[in-house]
Amino acid sequence: MFPVVVQYFDKFDGLNSKLVELKSCQNEKSITISKLLEETMENFDLIEKCIAFGADNTNTNFGSVLRKEGQNIFNHLKTFLGRDINGIGCPAHICNNSIHFAMDHLEVDIDSIMFKIYKYFSIYTVRVESLREICDNVEVDFKILLSHSKTRWLSLFPVIERVLKMYHPLKSYFLSIESPPVALKTFFEDPLNEALLFFVHSLAAVFHCNTAKMEADKGSILETMKILDSITETLETRISGEFIPIAVKTILRRQENTDSVKASMLGLYKNALKYLKEWTVQFDKFRVFEWMNIAEVPNFEQIESAIEFLHDKNVKIDDVKCFDQLKALKNFIQQNTGTDEYKEKLSHERWVMYFKSCVSIEQYSEFETIAQYLFAIPAHNANVERIFSIIHAQWTDERNRLLLESVKSITVLKYNFKGVPCDKFFDLIRNDHVFLEKVKSSEKYFYERRVIDSADE
């Protein structure tokens with residue numbers, strides 16, 4: 001199934017995303033998905049308004065990090081639209097891949113070990129009780145072990161953290177039982193692996209915390225770039241300082257010949273940074289918009305760079321009007337930049353404040369066009385993942401005969417009206433007589449009956 005989400009900016013409501021289509025396709029080929037997107041844009045009159053395509057960083061979507069020409073969705077869309085658009089590979093996906101890429105260069109397969117530990121206990125009550133007994137004997141709080149998957153962006157850190165909290169009971173268990181899994185026995189026999197796990201945990205924390213921030217419901221590409229810069233700076237600082245956590249150093253001091261282990265640990269930083277930089281180059285071109293966070297008064301040279309960028313995209317900005325409108329923006333920033341309320345707001349929320357403060361469109365028309373362009377660029381792919389969560393919550397074992405159209409209708413309602421209180425929703429529909437007539441109509445039942453009857457035939 002493929003949900004199609006659009007993102008846009010409203011001067012009085014800020015950044016929004018809406019689910020416009022949910023369809024089941026016969027395969028996952030790039031041409032099939034491209035046709036779905038093209039039909040959706042035609043149906044919703046979005047062809048002239050489309051400026052960007054956001055998705056996970058798979059070859060089907062973008063054709064590798066080099067964005068090669070060929071059979072990928074991004075290239076198909078540019079051909080269909082007859083112009084260049086922005087391609088945004090999900091940064092949360094990149095962060096997830098960065099740490100996994102780094103761990104792939106270790107001699108120990110941490111991913112595999114975490115999965116094997118979980119799988120060993122997951123369906124065996126007797127094994128769990130034996131582990132619980134060991135925890136009681138060594139006075140360690142027993143915790144249920146967590147499952148981990150490479151495709152779940154925020155699963156690695158909590159899984160490693162849980163294993164570390166129960167590391168010594170787990171070690172005692174696997175080294176005391178008869179015929180333990182060889183991989184787990186080998187892992188726990190090496191005392192340096194605990195240090196390695198602590199080190200990976202400290203690195204995973206960097207990506208975990210920042211990915212959670214990045215996936216905020218209404219974060220823009222400006223916030224995403226700031227977070228990516230923060231991760232990059234953290235890794236570069238740790239590399240230059242050869243930082244090793246105290247918990248790791250404590251274990252290493254008790255062992256001999258640890259130079260190679262230290263080298264492999266520091267190599268984690270370098271490999272993670274290498275992958276991160278390679279895949280986030282796509283965001284560099286948007287640095288001409290960094291002044292749009294309006295944390296401080298921009299100079300017109302900064303704004304000119306953004307105007308030139310937009311001119312190349314056939315988005316016309318009147319630089320003369322923009323220069324004159326800068327005065328009103330400057331006054332607004334100077335009045336608000338020192339307040340805590342203003343500092344806590346996201347960049348698009350600050351622009352909403354500015355537009356609401358203006359008395360006429362002559363004060364902001366050009367800035368509105370820039371904001372509409374910038375904040376329509378997707379910052380991540382998390383909103384699509386949220387839609388899948390809504391679908392799973394509706395399409396349960398007990399409701400497994402729901403038609404796709406029914407699931408789509410429920411999902412559209414839940415996603416597109418999230419955060420709307422019941423009283424406001426009531427006010428929204430009470431005077432919509434066309435909508436109310438459709439609600440009372442029996443046609444919807446006739447349609448569903450036809451589908452069911454044809455299926456029975």
# chains A, B, ... in the order shown; residues from 1 in each chain; ligands from 1
>>> residues_around(residues="Met41 in chain A", least_positions_apart="2", cutoff="12 Å", atoms="only C-alpha atoms", output="list of chain:residue names")
A:Val4, A:Val5, A:Val6, A:Val20, A:Glu21, A:Ser34, A:Lys35, A:Leu36, A:Leu37, A:Glu38, A:Glu39, A:Asn43, A:Phe44, A:Asp45, A:Leu46, A:Ile47, A:Glu48, A:Lys49, A:Cys50, A:Ile51, A:Phe53, A:Leu77, A:Phe80, A:Leu81
>>> residues_around(residues="range 415-425 of chain A", least_positions_apart="6", cutoff="9 Å", atoms="only C-alpha atoms", output="list in words")
Ser17, Lys18, Leu19, Val20, Arg386, Ile387 and Ile390 of chain A
>>> write_last_selection(atoms="N, CA, C and O atoms", output="short mmCIF file (atom, residue, chain, number, x, y, z; two decimals), in the first residue's frame")
data_model
loop_
_atom_site.label_atom_id
_atom_site.label_comp_id
_atom_site.auth_asym_id
_atom_site.auth_seq_id
_atom_site.Cartn_x
_atom_site.Cartn_y
_atom_site.Cartn_z
N SER A 17 0.59 18.98 6.73
CA SER A 17 0.70 17.82 5.84
C SER A 17 -0.64 17.10 5.84
O SER A 17 -1.28 16.97 6.89
N LYS A 18 -1.06 16.65 4.66
CA LYS A 18 -2.35 15.98 4.52
C LYS A 18 -2.21 14.72 3.69
O LYS A 18 -1.46 14.68 2.71
N LEU A 19 -2.95 13.71 4.08
CA LEU A 19 -3.02 12.47 3.30
C LEU A 19 -4.05 12.67 2.19
O LEU A 19 -5.22 12.95 2.47
N VAL A 20 -3.63 12.55 0.93
CA VAL A 20 -4.56 12.76 -0.19
C VAL A 20 -4.90 11.48 -0.93
O VAL A 20 -5.89 11.43 -1.66
N ARG A 386 3.74 7.50 10.22
CA ARG A 386 2.63 7.69 11.14
C ARG A 386 1.32 7.20 10.54
O ARG A 386 0.45 6.67 11.24
N ILE A 387 1.19 7.38 9.24
CA ILE A 387 -0.02 6.90 8.55
C ILE A 387 -0.10 5.38 8.61
O ILE A 387 -1.17 4.81 8.85
N ILE A 390 -1.48 4.39 11.89
CA ILE A 390 -2.94 4.56 11.95
C ILE A 390 -3.63 3.39 11.26
O ILE A 390 -4.62 2.85 11.75
#
>>> select_by_dssp(residues="range 24-153 of chain A", states="alpha helix (DSSP H)", output="PyMOL selection string")
chain A and resi 30-43+59-62+73-81+91-103+110-122+125-137
>>> closest_residue(among="A:Phe309, A:Leu374, A:Glu349, A:Tyr354", to="Lys330 in chain A", atoms="only C-alpha atoms")
A:Tyr354
>>> atom_distance(atom1="CA of Thr369 in chain A", atom2="CA of Val315 in chain A")
8.4 Å
>>> closest_residue(among="A:Ile333, A:Val352, A:Leu252, A:Val140", to="Glu194 in chain A", atoms="only C-alpha atoms")
A:Leu252
>>> closest_residue(among="A:Leu402, A:Ala295, A:Leu145, A:Ala306", to="Asp340 in chain A", atoms="only C-alpha atoms")
A:Ala295
>>> closest_residue(among="A:Glu385, A:Asn97, A:Ile31, A:Val359", to="Gly70 in chain A", atoms="only C-alpha atoms")
A:Ile31
>>> closest_residue(among="A:Lys116, A:Lys316, A:Leu154, A:Tyr124", to="Phe187 in chain A", atoms="only C-alpha atoms")
A:Lys116
>>> atom_distance(atom1="CA of Leu15 in chain A", atom2="CA of Phe289 in chain A")
16.0 Å
>>> atom_distance(atom1="CA of Gln363 in chain A", atom2="CA of Ile85 in chain A")
28.9 Å
>>> residues_around(residues="range 155-159 of chain A", least_positions_apart="3", cutoff="7 Å", atoms="only C-alpha atoms", output="list in words")
Leu146, Ser147, His148, Ser149, Arg152, Arg162, Val163, His201, Ala204, Ala205 and His208 of chain A
>>> write_last_selection(atoms="N, CA, C and O atoms", output="PDB file, in the first residue's frame")
ATOM      1  N   LEU A 146      14.108  -6.312  24.634  1.00  0.00           N
ATOM      2  CA  LEU A 146      13.410  -5.648  23.535  1.00  0.00           C
ATOM      3  C   LEU A 146      13.846  -6.192  22.187  1.00  0.00           C
ATOM      4  O   LEU A 146      14.969  -6.672  22.029  1.00  0.00           O
ATOM      5  N   SER A 147      12.953  -6.072  21.215  1.00  0.00           N
ATOM      6  CA  SER A 147      13.248  -6.523  19.865  1.00  0.00           C
ATOM      7  C   SER A 147      13.886  -5.392  19.059  1.00  0.00           C
ATOM      8  O   SER A 147      13.617  -4.216  19.293  1.00  0.00           O
ATOM      9  N   HIS A 148      14.712  -5.772  18.113  1.00  0.00           N
ATOM     10  CA  HIS A 148      15.423  -4.783  17.304  1.00  0.00           C
ATOM     11  C   HIS A 148      15.317  -5.138  15.832  1.00  0.00           C
ATOM     12  O   HIS A 148      15.326  -6.306  15.454  1.00  0.00           O
ATOM     13  N   SER A 149      15.193  -4.110  15.000  1.00  0.00           N
ATOM     14  CA  SER A 149      15.161  -4.306  13.559  1.00  0.00           C
ATOM     15  C   SER A 149      15.862  -3.128  12.891  1.00  0.00           C
ATOM     16  O   SER A 149      15.724  -1.984  13.318  1.00  0.00           O
ATOM     17  N   ARG A 152      13.611  -0.244  11.825  1.00  0.00           N
ATOM     18  CA  ARG A 152      12.968   0.612  12.833  1.00  0.00           C
ATOM     19  C   ARG A 152      14.016   1.600  13.324  1.00  0.00           C
ATOM     20  O   ARG A 152      14.971   1.230  14.007  1.00  0.00           O
ATOM     21  N   ARG A 162      18.927  -1.771  27.250  1.00  0.00           N
ATOM     22  CA  ARG A 162      18.308  -2.821  28.061  1.00  0.00           C
ATOM     23  C   ARG A 162      19.282  -3.983  28.295  1.00  0.00           C
ATOM     24  O   ARG A 162      19.367  -4.527  29.409  1.00  0.00           O
ATOM     25  N   VAL A 163      20.020  -4.361  27.254  1.00  0.00           N
ATOM     26  CA  VAL A 163      20.991  -5.450  27.395  1.00  0.00           C
ATOM     27  C   VAL A 163      22.103  -5.051  28.364  1.00  0.00           C
ATOM     28  O   VAL A 163      22.543  -5.864  29.190  1.00  0.00           O
ATOM     29  N   HIS A 201      26.659   2.076  22.491  1.00  0.00           N
ATOM     30  CA  HIS A 201      25.522   2.699  23.160  1.00  0.00           C
ATOM     31  C   HIS A 201      25.670   4.220  23.200  1.00  0.00           C
ATOM     32  O   HIS A 201      24.714   4.969  22.947  1.00  0.00           O
ATOM     33  N   ALA A 204      25.096   5.447  19.664  1.00  0.00           N
ATOM     34  CA  ALA A 204      23.686   5.326  19.289  1.00  0.00           C
ATOM     35  C   ALA A 204      22.842   6.414  19.935  1.00  0.00           C
ATOM     36  O   ALA A 204      21.857   6.874  19.354  1.00  0.00           O
ATOM     37  N   ALA A 205      23.233   6.853  21.141  1.00  0.00           N
ATOM     38  CA  ALA A 205      22.485   7.903  21.844  1.00  0.00           C
ATOM     39  C   ALA A 205      22.470   9.200  21.042  1.00  0.00           C
ATOM     40  O   ALA A 205      21.468   9.922  21.018  1.00  0.00           O
ATOM     41  N   HIS A 208      19.992   8.592  18.239  1.00  0.00           N
ATOM     42  CA  HIS A 208      18.648   8.335  18.740  1.00  0.00           C
ATOM     43  C   HIS A 208      17.956   9.632  19.156  1.00  0.00           C
ATOM     44  O   HIS A 208      16.829   9.911  18.722  1.00  0.00           O
TER      45      HIS A 208
END
>>> residues_around(residues="Phe142 in chain A", least_positions_apart="5", cutoff="8 Å", atoms="only C-alpha atoms", output="MDAnalysis selection string")
chainID A and resid 132 135:136 166
>>> write_last_selection(atoms="C-alpha atoms", output="CSV table (one decimal), in the first residue's frame")
chain,number,residue,atom,x,y,z
A,132,ARG,CA,14.9,-13.6,36.3
A,135,CYS,CA,18.8,-11.2,38.3
A,136,ASP,CA,17.3,-11.7,41.7
A,166,MET,CA,21.2,-6.8,32.4
>>> closest_residue(among="A:Leu310, A:Leu131, A:Met114, A:Leu192", to="Ser260 in chain A", atoms="only C-alpha atoms")
A:Leu192
>>> select_by_dssp(residues="range 52-186 of chain A", states="strand (DSSP E)", output="ChimeraX atom specification")
/A:52-55,86-89
>>> write_last_selection(atoms="all heavy atoms", output="PDB file, in the first residue's frame")
ATOM      1  N   ALA A  52       8.817  19.337  -4.802  1.00  0.00           N
ATOM      2  CA  ALA A  52       9.758  18.401  -4.162  1.00  0.00           C
ATOM      3  C   ALA A  52       9.139  17.021  -4.050  1.00  0.00           C
ATOM      4  O   ALA A  52       7.915  16.871  -4.018  1.00  0.00           O
ATOM      5  CB  ALA A  52      10.166  18.906  -2.789  1.00  0.00           C
ATOM      6  N   PHE A  53      10.015  16.026  -3.974  1.00  0.00           N
ATOM      7  CA  PHE A  53       9.617  14.643  -3.732  1.00  0.00           C
ATOM      8  C   PHE A  53      10.415  14.124  -2.552  1.00  0.00           C
ATOM      9  O   PHE A  53      11.652  14.189  -2.544  1.00  0.00           O
ATOM     10  CB  PHE A  53       9.883  13.786  -4.976  1.00  0.00           C
ATOM     11  CG  PHE A  53       9.790  12.300  -4.734  1.00  0.00           C
ATOM     12  CD1 PHE A  53       8.601  11.718  -4.347  1.00  0.00           C
ATOM     13  CD2 PHE A  53      10.906  11.476  -4.893  1.00  0.00           C
ATOM     14  CE1 PHE A  53       8.509  10.353  -4.127  1.00  0.00           C
ATOM     15  CE2 PHE A  53      10.827  10.114  -4.682  1.00  0.00           C
ATOM     16  CZ  PHE A  53       9.624   9.547  -4.297  1.00  0.00           C
ATOM     17  N   GLY A  54       9.718  13.650  -1.529  1.00  0.00           N
ATOM     18  CA  GLY A  54      10.391  13.129  -0.342  1.00  0.00           C
ATOM     19  C   GLY A  54      10.069  11.662  -0.132  1.00  0.00           C
ATOM     20  O   GLY A  54       8.913  11.249  -0.263  1.00  0.00           O
ATOM     21  N   ALA A  55      11.083  10.870   0.197  1.00  0.00           N
ATOM     22  CA  ALA A  55      10.888   9.431   0.413  1.00  0.00           C
ATOM     23  C   ALA A  55      12.139   8.864   1.077  1.00  0.00           C
ATOM     24  O   ALA A  55      13.129   9.580   1.293  1.00  0.00           O
ATOM     25  CB  ALA A  55      10.620   8.717  -0.907  1.00  0.00           C
ATOM     26  N   ASN A  86      13.055  19.269  -6.269  1.00  0.00           N
ATOM     27  CA  ASN A  86      13.956  18.899  -5.177  1.00  0.00           C
ATOM     28  C   ASN A  86      13.688  17.462  -4.747  1.00  0.00           C
ATOM     29  O   ASN A  86      12.532  17.070  -4.575  1.00  0.00           O
ATOM     30  CB  ASN A  86      13.752  19.837  -3.983  1.00  0.00           C
ATOM     31  CG  ASN A  86      14.001  21.286  -4.338  1.00  0.00           C
ATOM     32  OD1 ASN A  86      15.100  21.659  -4.710  1.00  0.00           O
ATOM     33  ND2 ASN A  86      12.972  22.117  -4.245  1.00  0.00           N
ATOM     34  N   GLY A  87      14.743  16.697  -4.563  1.00  0.00           N
ATOM     35  CA  GLY A  87      14.616  15.330  -4.071  1.00  0.00           C
ATOM     36  C   GLY A  87      15.147  15.244  -2.648  1.00  0.00           C
ATOM     37  O   GLY A  87      16.315  15.546  -2.400  1.00  0.00           O
ATOM     38  N   ILE A  88      14.289  14.870  -1.710  1.00  0.00           N
ATOM     39  CA  ILE A  88      14.662  14.841  -0.294  1.00  0.00           C
ATOM     40  C   ILE A  88      14.633  13.406   0.218  1.00  0.00           C
ATOM     41  O   ILE A  88      13.561  12.821   0.438  1.00  0.00           O
ATOM     42  CB  ILE A  88      13.713  15.706   0.559  1.00  0.00           C
ATOM     43  CG1 ILE A  88      13.596  17.113  -0.025  1.00  0.00           C
ATOM     44  CG2 ILE A  88      14.208  15.760   2.003  1.00  0.00           C
ATOM     45  CD1 ILE A  88      14.903  17.874  -0.075  1.00  0.00           C
ATOM     46  N   GLY A  89      15.817  12.818   0.392  1.00  0.00           N
ATOM     47  CA  GLY A  89      15.906  11.509   1.014  1.00  0.00           C
ATOM     48  C   GLY A  89      15.793  11.655   2.520  1.00  0.00           C
ATOM     49  O   GLY A  89      16.411  12.529   3.117  1.00  0.00           O
TER      50      GLY A  89
END
>>> residues_around(residues="range 172-183 of chain A", least_positions_apart="6", cutoff="9 Å", atoms="only C-alpha atoms", output="count of residues only")
7
